[in-house]
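Data block below; observations after.
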Amino acid sequence: MTSEINLIEKILEGYRYTGSVFHHPTFGKSFINENAGMTNKLPFHYVESGACSLLVDEKEYNLEQGDLIAIMKGSEHRLTNLIDKSPVKTTLICGYFELSAGNSQPLIESFPEVQIIRHHDIEQSQRLKNVMCMLIDEVHNDLIGAKFAVESLAEVFFMYLLRNIINNECIEKGLLAGLSDKQISQALSAFHNNFSQPWSLDALAKEAGLSRTRFVEKFRELVGGTPAAYMTQWRMNWAANQLISSKDSIYNIALSSGYQSDAAFCRVFRQQFDIPPSEYRKLNP
């Protein structure tokens, strides 16, 4: 399990992720709150007080005070409380986790529709409880750096959600399904631990202990898409992050991401993002 989590941390280097709290509403005894779907954004709602229900894809989830729910595929959903008899108002902390570089579908497709962490599970985990208490405290104060603290704590909470999914969910499709398979995981680990090398399908298949044909078939079945498409997409996402977060030259970023020339790198980057890397860097200072 430790090696699996370490591999996920390496994979996340190609998906620049952030956390944000954008709403802190208090509702009356009866309310309906519609939420539109989001692309590459995974909304979450924490019930600070009261209770409510969340409806997503015709499934209803009842939430009590202290519960947190994340809509892990960014789907449209509705929060409701239609009980007028209760005198308790409902207060929520609402936000989202954003996978903001390139196309994040291989990872998002791995996730269950929703992920719930109940209040008793938060209470039983001292680390989780501490993070949640600090997040609530920062949401309520207006001290210098509160917004930055909230975003940083939300990012930490995202990692707890991933751990929870890995430990408790049966993943059948997507990147996390590939990580749970020993052979595909070995190939992914080899690639992510040395992605600057020009990996071939034969080399990856050898790492997985499979024939080239069977490796491609199994990768497509579990992860979705081809190994070559996965490697290209992840490298481009990683390179996009480097263009934003570092001052390295485009040539050095090209070499570090597994390309032998900046011309080849720029051609593939433009295919993925519709603009050359130099312009991408200017638009994302």
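So you can find residues: chains in the structure tokens are A, B, ... in the order shown, residues in each start at 1, and ligands are numbered from 1 in order.
Here the residues within segment 101-207 of chain A that DSSP labels strand (DSSP E) on the basis of the backbone are Val114, Gln115, Ile116 and Ile117 of chain A.
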**Prompt:** Could you name the residues that touch segment 224-226 of chain A at 9 Å or less, counting only C-alpha atoms, but leaving out those on the same chain fewer than 4 positions away, as an MDAnalysis selection string?
**Reply:** chainID A and resid 106 173:175 216:217 219:220 230:231
Would you mind exporting the chosen residues as a PDB file, in the first residue's frame, restricted to C-alpha atoms?
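Output file selection_0.pdb is given in full below:
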```
ATOM      1  CA  PRO A 106      -7.604   8.944 -16.560  1.00  0.00           C
ATOM      2  CA  LYS A 173     -11.725   1.247 -14.290  1.00  0.00           C
ATOM      3  CA  GLY A 174      -9.258   4.097 -14.673  1.00  0.00           C
ATOM      4  CA  LEU A 175      -5.821   4.950 -13.398  1.00  0.00           C
ATOM      5  CA  VAL A 216      -1.497  -3.009 -24.389  1.00  0.00           C
ATOM      6  CA  GLU A 217      -4.746  -4.988 -24.079  1.00  0.00           C
ATOM      7  CA  PHE A 219      -3.653  -1.423 -20.008  1.00  0.00           C
ATOM      8  CA  ARG A 220      -6.581  -0.444 -22.221  1.00  0.00           C
ATOM      9  CA  TYR A 230      -1.123   7.916 -21.316  1.00  0.00           C
ATOM     10  CA  MET A 231       2.611   8.652 -21.340  1.00  0.00           C
TER      11      MET A 231
END
```
**Complete:** atom CA of Glu151 of chain A to atom CA of Ile116 of chain A measures 19.9 Å
**Å distance separating atom CA of Ile171 of chain A from atom CA of Val21 of chain A, one decimal place** =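 Here the two named atoms are 27.9 Å from each other.
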**Message:** For the helix (DSSP H, G or I) assignment from backbone DSSP, which residues of segment 40-137 of chain A qualify? Please present them as a ChimeraX atom specification.
**Reply:** /A:105-108,119-124,126-137
**Message:** Applying 8 Å and only C-alpha atoms, which residues near segment 271-280 of chain A remain after dropping the ones on its own chain fewer than 4 positions away? List them as a list in words.
**Reply:**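 That gives Gly102, Gln233, Met236, Ala240, Leu243, Ile250, Cys266, Arg267 and Asn284 of chain A.
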Hey, which bits of segment 149-253 of chain A sit within 12 Å of segment 57-71 of chain A, and for each residue what's the closest pair of atoms and how far apart in Å (one decimal), counting only C-alpha atoms, rows by chain and increasing number, as a tab-separated table?
```
residue	atom	partner	partner_atom	distance
A:Ala154	CA	A:Ala70	CA	11.7
A:Phe157	CA	A:Leu68	CA	10.6
A:Phe158	CA	A:Ala70	CA	9.4
A:Tyr160	CA	A:Ala70	CA	11.6
A:Leu161	CA	A:Ala70	CA	8.4
A:Leu162	CA	A:Ala70	CA	11.0
A:Asn164	CA	A:Ala70	CA	11.8
A:Ile165	CA	A:Ala70	CA	11.3
```
Take the residues that were just selected and, keeping N, CA and C atoms, output them as a compact mmCIF listing (two decimals), in the first residue's frame.
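That gives us selection.txt:
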```txt
# COMPACT_ATOMS: atom_id res chain seq x y z
N ALA A 154 -7.15 22.50 2.25
CA ALA A 154 -8.04 21.77 1.34
C ALA A 154 -7.23 20.79 0.48
N PHE A 157 -6.51 17.84 2.50
CA PHE A 157 -7.70 17.00 2.64
C PHE A 157 -7.92 16.15 1.40
N PHE A 158 -7.54 16.69 0.23
CA PHE A 158 -7.67 15.93 -1.01
C PHE A 158 -6.85 14.64 -0.94
N TYR A 160 -6.17 12.99 1.77
CA TYR A 160 -6.88 12.07 2.65
C TYR A 160 -8.01 11.37 1.90
N LEU A 161 -8.69 12.11 1.02
CA LEU A 161 -9.74 11.49 0.22
C LEU A 161 -9.17 10.39 -0.67
N LEU A 162 -8.03 10.65 -1.31
CA LEU A 162 -7.42 9.63 -2.16
C LEU A 162 -7.05 8.40 -1.34
N ASN A 164 -8.45 7.38 1.33
CA ASN A 164 -9.70 6.74 1.71
C ASN A 164 -10.24 5.88 0.57
N ILE A 165 -10.14 6.42 -0.65
CA ILE A 165 -10.61 5.68 -1.83
C ILE A 165 -9.77 4.43 -2.03
```
**Complete:** Using only C-alpha atoms, the residue out of A:Gly258, A:Gly37, A:Gly145, A:Pro112 with shortest distance to Ser200 of chain A is A:Gly258
**Message:** Using only C-alpha atoms, can you tell me which of A:Pro43, A:Asn141, A:Leu283, A:Thr18 comes closest to Gln115 of chain A?
**Reply:** A:Pro43
Pull the closest atom pair for each residue of segment 171-247 of chain A that gets at most 10 Å from segment 6-17 of chain A, along with the distance in Å to one decimal, counting only C-alpha atoms, ordering rows by chain and then ascending residue number, as CSV.
```
residue,atom,partner,partner_atom,distance
A:Leu175,CA,A:Ile8,CA,9.5
A:Leu176,CA,A:Ile8,CA,8.5
A:Leu179,CA,A:Leu7,CA,8.3
A:Ser185,CA,A:Leu7,CA,8.7
A:Leu188,CA,A:Leu7,CA,8.2
A:Ser189,CA,A:Leu7,CA,6.4
A:Ala190,CA,A:Leu7,CA,9.8
A:His192,CA,A:Lys10,CA,6.6
A:Asn193,CA,A:Lys10,CA,7.8
A:Gln233,CA,A:Gly14,CA,8.9
A:Trp234,CA,A:Gly14,CA,5.7
A:Arg235,CA,A:Gly14,CA,7.0
A:Met236,CA,A:Gly14,CA,7.9
A:Asn237,CA,A:Gly14,CA,5.0
A:Trp238,CA,A:Gly14,CA,4.1
A:Ala239,CA,A:Gly14,CA,7.8
A:Ala240,CA,A:Gly14,CA,8.4
A:Asn241,CA,A:Arg16,CA,6.6
A:Gln242,CA,A:Gly14,CA,9.4
```
**Request:** List the neighbours of Ser75 of chain A out to 9 Å using only C-alpha atoms; skip same-chain residues closer than 5 positions along the sequence, and give me the result as a ChimeraX atom specification.
**Result:** /A:35-39,42-43,56-57,113
